[in-house]
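Engineer: The structure follows.
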Amino acid sequence: MKFSIGPMTVFLSVAALRQAAAFSIRGGSAPTALGRVSSMSLSGNASVRPSASALFMSTKTAPNGEAAAETKKKTRTRRILSGVQPTGSLHLGNYLGAIRQWVEFQDNNLEPYEEDGIEYHTENFFCVVDLHAITMPHDPKELQESTLASAALYLAAGIDPEKSKVFVQSHVPAHTELAWLLNCATPMNWLERMIQFKDKAKKQGTDSVGVGLFTYPILMAADILLYQADKVPVGEDQRQHLELARDIVRRFNGEYCKGGPFKKRCKAAGIPSRPTFTEPEAMIVKQGARIMSLADGKSKMSKSDPNDASRINVLDPPDVIRSKIKKCKTD
């Protein structure tokens, strides 16, 4: 049997990656779903045909008999996803612009709500994005320790594992696997427009900047699209990256998820003929979304700034915070 890459192979691979991520977070064995995809040929034939329930995270078995007649209300799941890099120490900007908002999203969306006759349930995914941290020079041992420390700070700030899913990005292999698929579907000139890459490359010099920093936005897109996130809390500096994720969704769905042949392939494989990815929307915090540096009022507060006096770290003692504020530059 000959195997090659085609629209159906890519589509099923993405579906399996989503299921793999679900297994990794909730507990279970992900390789089974991935193994089924590897047996799929170009023509859509497979030695083992994956079922819809095996491939899609949000698929639920419909109730039978009298229960089916009674259950007429449609239910859907909306997901919120966000994450913070574990490099350095979490600072005031991270807390006000991200983590504090996560706690509010978590606590304010516990109960289902109805909209246009559909009952919506909200799920929260908050991760420590340690794979993004290795795009810059780092110490592996320190990164491992700061990853655990960041997860602990999430919990200390009010993120409840009983209400939200908290995980480490690198513990879910599907993130990097999906990132490669999206890399192959994303034009290079889209990445060349990213302002953050231009700024960091200018500071460090193009000779010392890794390719990972250039393709970083695609990994961020994979983080979001893997979980079909509807809402993504981001700061203004990440807005451009989220718009890139939205562009990738439109391109991928337009390339692989349209027309009669697509529907026939889905029918033959026994999976729903709906677009692969959900187009995410940004949740921009109006107040405190961009906390500026104490040393330079033109730049945002950053963990990567070598000057510790430029930021207020979450774990700074009161006397250190007072000292930093007294020395900070004002407008």
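Residues are referred to by chain and number: the chain letter is A, B, ... according to the order shown in the structure tokens, the number counts from 1 in that chain, and ligands are numbered separately from 1 in the order shown.
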Need the shell around Tyr120 in chain A: protein/DNA/RNA residues with any atom at most 12 Å away, counting only C-alpha atoms. Skip same-chain ones fewer than 4 positions apart. Format as number ranges by chain?

Structural biologist: A: 73-79, 109-116, 230

Engineer: Could you write out that same residue set with C-alpha atoms as an mmCIF file, in the first residue's frame?

Structural biologist:
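See result_16.cif below for the written result:
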data_model
loop_
_atom_site.group_PDB
_atom_site.id
_atom_site.type_symbol
_atom_site.label_atom_id
_atom_site.label_comp_id
_atom_site.auth_asym_id
_atom_site.auth_seq_id
_atom_site.Cartn_x
_atom_site.Cartn_y
_atom_site.Cartn_z
ATOM 1 C CA LYS A 73 -31.902 21.729 23.510
ATOM 2 C CA LYS A 74 -28.631 22.089 21.636
ATOM 3 C CA THR A 75 -25.491 22.407 23.748
ATOM 4 C CA ARG A 76 -22.101 23.722 22.727
ATOM 5 C CA THR A 77 -18.805 24.257 24.453
ATOM 6 C CA ARG A 78 -16.887 27.527 24.337
ATOM 7 C CA ARG A 79 -13.257 27.465 25.359
ATOM 8 C CA ASN A 109 -18.402 31.402 33.782
ATOM 9 C CA LEU A 110 -19.148 28.473 36.056
ATOM 10 C CA GLU A 111 -22.805 28.178 35.085
ATOM 11 C CA PRO A 112 -24.067 27.400 31.547
ATOM 12 C CA TYR A 113 -25.756 30.267 29.689
ATOM 13 C CA GLU A 114 -28.231 30.321 26.830
ATOM 14 C CA GLU A 115 -27.872 32.288 23.605
ATOM 15 C CA ASP A 116 -30.072 32.011 20.485
ATOM 16 C CA ASP A 230 -13.178 30.632 20.994
#

Engineer: Show which residues sit within 10 Å of Lys329 in chain A, as a list in words. Count only C-alpha atoms, and ignore same-chain residues fewer than 5 positions away.

Structural biologist: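 So the residues in contact are Ser293, Leu294, Ala295, Asp296, Gly297, Ser310 and Lys324 of chain A.
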
Engineer: What's the 12 Å shell around Gln240 in chain A, counting only C-alpha atoms, without same-chain residues fewer than 3 positions away, as a ChimeraX atom specification?

Structural biologist: /A:190-197,217-218,220-221,234-237,243-247,281-282,284

Engineer: Please run DSSP on the backbone and report, as a PyMOL selection string, all residues within range 73-195 of chain A that come out as alpha helix (DSSP H).

Structural biologist: chain A and resi 92-94+100-108+130-133+140-157+174-185+188-192+195

Engineer: Using only C-alpha atoms, which residue out of A:Val320, A:Leu155, A:Leu81, A:Leu90 lies closest to Phe126 in chain A?

Structural biologist: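 Checking each candidate against Phe126 in chain A, we get A:Leu81 as the closest.
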
Engineer: What lies within 10 Å of Arg250 in chain A using only C-alpha atoms, ignoring chain neighbours under 6 positions off, as JSON, numbers by chain?

Structural biologist: {"A": [244, 257, 275, 277, 278, 279]}

Engineer: Once you have the residues from the selection above, write them out as a PDB file, in the first residue's frame, restricted to N, CA, C and O atoms.

Structural biologist:
ATOM      1  N   LEU A 244      -2.723  36.599  13.184  1.00  0.00           N
ATOM      2  CA  LEU A 244      -2.070  35.609  12.325  1.00  0.00           C
ATOM      3  C   LEU A 244      -2.763  34.256  12.477  1.00  0.00           C
ATOM      4  O   LEU A 244      -3.000  33.555  11.483  1.00  0.00           O
ATOM      5  N   CYS A 257     -11.056  22.216   3.649  1.00  0.00           N
ATOM      6  CA  CYS A 257     -12.374  21.906   4.221  1.00  0.00           C
ATOM      7  C   CYS A 257     -13.544  22.465   3.416  1.00  0.00           C
ATOM      8  O   CYS A 257     -14.522  22.947   3.998  1.00  0.00           O
ATOM      9  N   PRO A 275     -15.648  22.542   9.258  1.00  0.00           N
ATOM     10  CA  PRO A 275     -14.289  23.088   9.212  1.00  0.00           C
ATOM     11  C   PRO A 275     -13.437  22.567  10.365  1.00  0.00           C
ATOM     12  O   PRO A 275     -13.922  22.355  11.476  1.00  0.00           O
ATOM     13  N   PHE A 277     -10.886  23.972  12.074  1.00  0.00           N
ATOM     14  CA  PHE A 277     -10.525  24.869  13.169  1.00  0.00           C
ATOM     15  C   PHE A 277     -11.596  25.917  13.447  1.00  0.00           C
ATOM     16  O   PHE A 277     -12.300  26.371  12.545  1.00  0.00           O
ATOM     17  N   THR A 278     -11.669  26.322  14.710  1.00  0.00           N
ATOM     18  CA  THR A 278     -12.509  27.440  15.136  1.00  0.00           C
ATOM     19  C   THR A 278     -11.687  28.715  15.069  1.00  0.00           C
ATOM     20  O   THR A 278     -10.534  28.740  15.488  1.00  0.00           O
ATOM     21  N   GLU A 279     -12.284  29.779  14.528  1.00  0.00           N
ATOM     22  CA  GLU A 279     -11.571  31.058  14.429  1.00  0.00           C
ATOM     23  C   GLU A 279     -11.639  31.772  15.777  1.00  0.00           C
ATOM     24  O   GLU A 279     -12.722  32.141  16.231  1.00  0.00           O
TER      25      GLU A 279
END

Engineer: Write out as a list of chain:residue names which residues come within 8 Å of Ile99 in chain A when counting only C-alpha atoms, dropping same-chain ones fewer than 5 positions away.

Structural biologist: A:Asn94, A:Tyr154, A:Ala157

Engineer: Just to be explicit: take each residue in the selection above, keep all heavy atoms, and write the result as a PDB file, in the first residue's frame.

Structural biologist:
ATOM      1  N   ASN A  94       2.267  40.700  34.126  1.00  0.00           N
ATOM      2  CA  ASN A  94       1.696  39.372  33.913  1.00  0.00           C
ATOM      3  C   ASN A  94       0.449  39.168  34.752  1.00  0.00           C
ATOM      4  O   ASN A  94      -0.551  38.605  34.290  1.00  0.00           O
ATOM      5  CB  ASN A  94       2.713  38.278  34.273  1.00  0.00           C
ATOM      6  CG  ASN A  94       3.976  38.322  33.445  1.00  0.00           C
ATOM      7  OD1 ASN A  94       5.073  38.164  33.957  1.00  0.00           O
ATOM      8  ND2 ASN A  94       3.828  38.545  32.147  1.00  0.00           N
ATOM      9  N   TYR A 154       0.173  30.262  39.390  1.00  0.00           N
ATOM     10  CA  TYR A 154      -1.190  30.213  38.844  1.00  0.00           C
ATOM     11  C   TYR A 154      -2.174  29.822  39.944  1.00  0.00           C
ATOM     12  O   TYR A 154      -3.214  30.446  40.131  1.00  0.00           O
ATOM     13  CB  TYR A 154      -1.291  29.163  37.731  1.00  0.00           C
ATOM     14  CG  TYR A 154      -0.677  29.524  36.401  1.00  0.00           C
ATOM     15  CD1 TYR A 154       0.123  30.659  36.237  1.00  0.00           C
ATOM     16  CD2 TYR A 154      -0.893  28.720  35.285  1.00  0.00           C
ATOM     17  CE1 TYR A 154       0.679  30.971  35.016  1.00  0.00           C
ATOM     18  CE2 TYR A 154      -0.336  29.020  34.054  1.00  0.00           C
ATOM     19  CZ  TYR A 154       0.453  30.138  33.928  1.00  0.00           C
ATOM     20  OH  TYR A 154       1.001  30.447  32.709  1.00  0.00           O
ATOM     21  N   ALA A 157      -2.575  32.400  42.693  1.00  0.00           N
ATOM     22  CA  ALA A 157      -3.336  33.581  42.265  1.00  0.00           C
ATOM     23  C   ALA A 157      -4.834  33.321  42.196  1.00  0.00           C
ATOM     24  O   ALA A 157      -5.617  34.261  42.050  1.00  0.00           O
ATOM     25  CB  ALA A 157      -2.840  34.059  40.909  1.00  0.00           C
TER      26      ALA A 157
END

Engineer: Tell me, as JSON, numbers by chain, which residues lie within 12 Å of Ser304 in chain A, counting only C-alpha atoms; anything in the same chain fewer than 6 positions away does not count.

Structural biologist: {"A": [85, 86, 87, 88, 89, 90, 91, 133, 136, 137, 138, 200, 293, 310, 311]}

Engineer: Okay, now the selection with C-alpha atoms, as an mmCIF file, in the first residue's frame?

Structural biologist:
data_model
loop_
_atom_site.group_PDB
_atom_site.id
_atom_site.type_symbol
_atom_site.label_atom_id
_atom_site.label_comp_id
_atom_site.auth_asym_id
_atom_site.auth_seq_id
_atom_site.Cartn_x
_atom_site.Cartn_y
_atom_site.Cartn_z
ATOM 1 C CA GLN A 85 6.107 32.011 29.474
ATOM 2 C CA PRO A 86 7.982 30.724 32.534
ATOM 3 C CA THR A 87 11.188 32.638 31.762
ATOM 4 C CA GLY A 88 12.290 34.916 34.584
ATOM 5 C CA SER A 89 9.925 35.872 37.362
ATOM 6 C CA LEU A 90 6.252 36.666 36.843
ATOM 7 C CA HIS A 91 5.762 40.408 37.281
ATOM 8 C CA ALA A 133 10.766 30.133 26.331
ATOM 9 C CA MET A 136 15.786 32.675 23.492
ATOM 10 C CA PRO A 137 19.056 31.684 25.263
ATOM 11 C CA HIS A 138 18.202 29.869 28.492
ATOM 12 C CA LYS A 200 13.998 41.378 19.058
ATOM 13 C CA SER A 293 8.683 49.438 32.461
ATOM 14 C CA SER A 310 12.489 47.746 35.534
ATOM 15 C CA ARG A 311 9.682 45.531 36.881
#
